[in-house]
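All remarks here apply to the structure that follows.
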Amino acid sequence: MARKKELVPMVNWVYDLILWVMSVLIDLFFREIHPRGSWKVPRRGPIIFVAAPHANQFVDPLILMRVIKMEAGRRIAWLIAEKSMRRKFIGGLARAAGAVPVGRALDSTKPGTGKIYLADAKNDATLVRGDGTMFEKECQIGGLLVLPSVNGTAANSEILEIHGNEEIKLKKEFKSSTAIEQLIGKTKVDGGENKVETSDVEKQNFQGTSYKTAPKVDQSLVYDAVFERLQSGGCVGIFPEGGSHDRTELLPLKAGVAIMALGSLAANPDSGVKIVPCGMNYFHAHKFRSRAVVEFGPPVDVPTELVELYKSGERREATRQLLEIVYQALVAVTVTSPDYDTLMLIQAARRLYNPTSKKLPLPMIVELNRRLVKGYTQHKHDPRIVNLKKSVNEYNKQLWLLGVRDHQVEYAKFSIPKVVFTLIYRLGKLGVLTIGTLPGLVLFAPVFLSSKIISIKKSREALAASTVKLQGRDVMATWKLLVALAFAPILYATYTILLIYWTHRNRVQGYMPEWVPLWTVVVFGIFFFPSITFAALRIGEIGMDIVKSLRPLVLSLYPTSANTLQKLREKRATLSHEVTEVINTLGPEMFPDFDSARIIADPFRDGALQEPRSPKSPHTHSRSSSGFPTPPIRSSANGDLAIVEGGSSTQSYLPRNESFHDLGNIGLFASRPPSRSRSRSSSSGGKAGSAGFSVKGFSTISSKESLDEVSKKIRGAMRERGKQRRRKSEDDFANSETGSTTPDSAPEGRKGI
């Protein structure tokens, strides 16, 4: 009889201590982590946090634990794979933090004996037969039959019946054509470094394909533990995709999150369980000093009719409908694309859509990418999009061949004297920074090298054992942090012991006074060696940015490459205009507020882009009686006020990094310039930005009809103002063509990503 899986009680101070220690590593690994929409997280009551995409194995829950603790004051009990709980270090930390272990069938796959094939693919694709198989011994009803991996994906299906050692019946037939081909004689299997080897075999000579089996896992024990946590008003976190991966799209969601929410509400309808979607948006998730945006969507209330449907016995249908709701909520806070090439295309289009080269806040970049993906998905067969895609891909290829980045193309307009002066200045600055970086780099080199080697090795192991990973990059950041956490203290202790020995033996060649006791050397070593490493990290980060900027400067000095760079700059300007025109044409069809609430102003029509205004402090939100902070009011780029409603508006609240309760908040160590001491916009009374009017009540809304009437008037006024602004910009453009005043060009700036 299975023993009930009880939760380890969460001790608050232990949870906070673990989080503080791991947050130091998170701050060192990531350059920036921006929370967005954290005011939407309820401050009380049971919550199920659903996070996706799961692109960074054990790092994802740490980031969310930290952000949610700082922004909402809530502690989360995460569901963690049982095989991870068996790891000594990870399992110990997870148990101390109150995590719930979950068994996953695909974590326990074993190679099956013999070969399998479909006996009659046309009439009954659920009947699988074997040759030399031992189904009765190796398979279980409710377990899984898993096919070989193809392009990083292995199809699987649940076993419904076992008809002997050489015949089984599946619950559902394999959906993909690739899986069917594997079972009827057109075999495709991954080989070597994730390469695909294809061989067509005549059906009469086909002997079957290899396979794996996975046991049935009883998850009722896990649900009991989760229900206990939710009924006590706590928070549970889950990655509904089932495991970490490095794909650009969301994986199909597992039913667990729906069963947890529906089961909890079925047992206690008044518990008020809510589901909060969390989007994990990374910029190069596996790389050191990368960036991330954690976006929270509006809490999802489980419909009462689904709870009643679940209680009436229609559990499968209720679960399916709730999963669809959760999936759409996650899509709204993540950036997904069907493949890597599409993602690269979208990012290139986003950079080209910002022709003034203004550096955008990370949350704004994520929102813009999301809208571009949505637009591309809907219009990808449009001839304009097809031609534009070809041009952008060619531009990207030329950038790659030349070895420069998009924002560096602007170097082509520099004069030769300016290029020479800039190059000399940066080389001199790089030399000075190198002096400050070398000591820490040499001292910490063993940790850098070991973390790199071990993370690559673990990545290959994870890829070999996975059915969904493409390159195994989702585990690299985790292992880099774990190696650093284990090796760094040992390394610092070794250096401190060597310094103590040197001092004891000859007083550091006589430079150390005799009156200095040895215990002070211990204290000195504890603080000195980590400080040297941290200084090297910060200084080296600046130095690497300078190194990356040298190549286009050198290319500008050679006539041949300088001419190529100049042509590339001209092509970029043309592409930027084409991308902007296509977006301006198709955008209003998808987003009704496109012209009135732009993420980026159109410099070809609206004039130069103005500086975005931000609130004085992201933590000054007022709170309603229900415990939710009220949405902030901010000034739009054209001076109009916009009330932020759950990220549905393009004028969404874009705070600076609300998680900078760390070393990044100190000016000396900050990765980005400090914000202004005073905001140019006001949230109440007085003047708001440049609009020059007070915030007053516009109307009294007492019904849905009143709200619709007010919305219609607002949209009409916005359309009229947009027409007036466009007429004015056209008149200004005509005047400039006839020799009138030419507007100043927008200032230059480096791209964010």
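Residues are referred to by chain and number: the chain letter is A, B, ... according to the order shown in the structure tokens, the number counts from 1 in that chain, and ligands are numbered separately from 1 in the order shown.
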Can you pull out the residues contacting segment 93-101 of chain A? Cut-off 6 Å, using only C-alpha atoms, and skip same-chain residues under 4 positions away; I want them as a PyMOL selection string. chain A and resi 8+10+15+77-82
Please write the residues from the selection above to a file, keeping N, CA and C atoms, as an mmCIF file, in the first residue's frame.
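What follows is the written file again.cif:
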```
data_model
loop_
_atom_site.group_PDB
_atom_site.id
_atom_site.type_symbol
_atom_site.label_atom_id
_atom_site.label_comp_id
_atom_site.auth_asym_id
_atom_site.auth_seq_id
_atom_site.Cartn_x
_atom_site.Cartn_y
_atom_site.Cartn_z
ATOM 1 N N VAL A 8 6.622 18.579 3.630
ATOM 2 C CA VAL A 8 7.527 19.039 4.676
ATOM 3 C C VAL A 8 7.090 20.444 5.054
ATOM 4 N N MET A 10 6.746 24.196 5.660
ATOM 5 C CA MET A 10 7.570 25.301 5.200
ATOM 6 C C MET A 10 7.898 26.214 6.380
ATOM 7 N N TYR A 15 13.083 29.234 4.410
ATOM 8 C CA TYR A 15 12.732 29.596 3.035
ATOM 9 C C TYR A 15 13.422 30.897 2.643
ATOM 10 N N ALA A 77 5.201 26.925 -2.738
ATOM 11 C CA ALA A 77 5.635 25.530 -2.682
ATOM 12 C C ALA A 77 5.588 24.986 -4.103
ATOM 13 N N TRP A 78 6.756 24.715 -4.675
ATOM 14 C CA TRP A 78 6.819 24.286 -6.067
ATOM 15 C C TRP A 78 6.644 22.780 -6.204
ATOM 16 N N LEU A 79 6.042 22.381 -7.307
ATOM 17 C CA LEU A 79 6.022 20.965 -7.669
ATOM 18 C C LEU A 79 7.310 20.667 -8.417
ATOM 19 N N ILE A 80 8.077 19.696 -7.938
ATOM 20 C CA ILE A 80 9.384 19.395 -8.510
ATOM 21 C C ILE A 80 9.456 17.911 -8.863
ATOM 22 N N ALA A 81 10.127 17.601 -9.935
ATOM 23 C CA ALA A 81 10.234 16.209 -10.384
ATOM 24 C C ALA A 81 10.873 15.346 -9.301
ATOM 25 N N GLU A 82 10.323 14.154 -9.112
ATOM 26 C CA GLU A 82 10.805 13.263 -8.057
ATOM 27 C C GLU A 82 12.262 12.856 -8.278
#
```
Sorted by chain and rising residue number, which residues of segment 409-479 of chain A lie within 7 Å of segment 281-304 of chain A, and what are their closest atom pairs and distances in Å to one decimal, counting only C-alpha atoms, as JSON lines?
```
{"residue": "A:Arg473", "atom": "CA", "partner": "A:His286", "partner_atom": "CA", "distance": 6.1}
{"residue": "A:Asp474", "atom": "CA", "partner": "A:His286", "partner_atom": "CA", "distance": 6.6}
{"residue": "A:Met476", "atom": "CA", "partner": "A:His286", "partner_atom": "CA", "distance": 5.7}
{"residue": "A:Ala477", "atom": "CA", "partner": "A:His286", "partner_atom": "CA", "distance": 4.9}
```
Mind dumping the selected residues with N, CA, C and O atoms as a PDB file, in the first residue's frame?
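So selection-v4.pdb came out as:
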```pdb
ATOM      1  N   ARG A 473      19.949  23.239 -23.845  1.00  0.00           N
ATOM      2  CA  ARG A 473      20.444  24.476 -23.237  1.00  0.00           C
ATOM      3  C   ARG A 473      19.689  24.868 -21.969  1.00  0.00           C
ATOM      4  O   ARG A 473      20.156  25.704 -21.208  1.00  0.00           O
ATOM      5  N   ASP A 474      18.520  24.274 -21.748  1.00  0.00           N
ATOM      6  CA  ASP A 474      17.712  24.649 -20.596  1.00  0.00           C
ATOM      7  C   ASP A 474      18.342  24.242 -19.269  1.00  0.00           C
ATOM      8  O   ASP A 474      17.929  24.735 -18.219  1.00  0.00           O
ATOM      9  N   MET A 476      21.797  24.391 -18.784  1.00  0.00           N
ATOM     10  CA  MET A 476      23.155  24.941 -18.691  1.00  0.00           C
ATOM     11  C   MET A 476      23.280  25.993 -17.595  1.00  0.00           C
ATOM     12  O   MET A 476      24.241  25.977 -16.812  1.00  0.00           O
ATOM     13  N   ALA A 477      22.331  26.919 -17.513  1.00  0.00           N
ATOM     14  CA  ALA A 477      22.396  27.958 -16.477  1.00  0.00           C
ATOM     15  C   ALA A 477      22.336  27.339 -15.089  1.00  0.00           C
ATOM     16  O   ALA A 477      23.050  27.778 -14.166  1.00  0.00           O
TER      17      ALA A 477
END
```
Which residue of A:Pro588, A:Pro439, A:Pro269, A:Pro53 approaches Phe239 of chain A most closely, using only C-alpha atoms: A:Pro53
Report as a count of residues only: the residues of segment 363-519 of chain A with a DSSP assignment of alpha helix (DSSP H), based on the backbone of this structure. 120
Work out how far apart atom CA of Ala51 of chain A and atom CA of Leu372 of chain A are and give it in Å to one decimal.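 These atoms are spaced 22.0 Å apart.
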Name all residues at most 9 Å from Ala72 of chain A (count only C-alpha atoms; drop same-chain ones fewer than 4 positions away) and give them as number ranges by chain. A: 38-39, 41-43, 67-68
So which one's closest to Thr209 of chain A, A:Thr437, A:Thr533, A:Gln509, A:Thr133? Using only C-alpha atoms, please. A:Thr133
Restricting to only C-alpha atoms, whichever of A:Ser149, A:Thr248, A:Ser271, A:Asn12 is closest to Pro46 of chain A is A:Ser271
Which neighbours of Arg320 of chain A fall inside 9 Å, counting only C-alpha atoms, when residues of the same chain fewer than 5 positions from it are skipped, and could you give them as an MDAnalysis selection string? chainID A and resid 255 258 315 325
Resulting file, chosen residues, C-alpha atoms, as a PDB file, in the first residue's frame:
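File produced: result-v2.pdb:
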```pdb
ATOM      1  CA  ALA A 255      -3.683  18.234 -17.024  1.00  0.00           C
ATOM      2  CA  ALA A 258      -6.542  21.944 -14.085  1.00  0.00           C
ATOM      3  CA  ARG A 315     -13.830  15.434 -15.457  1.00  0.00           C
ATOM      4  CA  ILE A 325      -8.206  28.947 -20.562  1.00  0.00           C
TER       5      ILE A 325
END
```
Please provide as number ranges by chain all residues within 6 Å of segment 326-335 of chain A, with the sequence filter that same-chain residues fewer than 6 positions apart are discarded (counting only C-alpha atoms). A: 277, 279, 295, 370
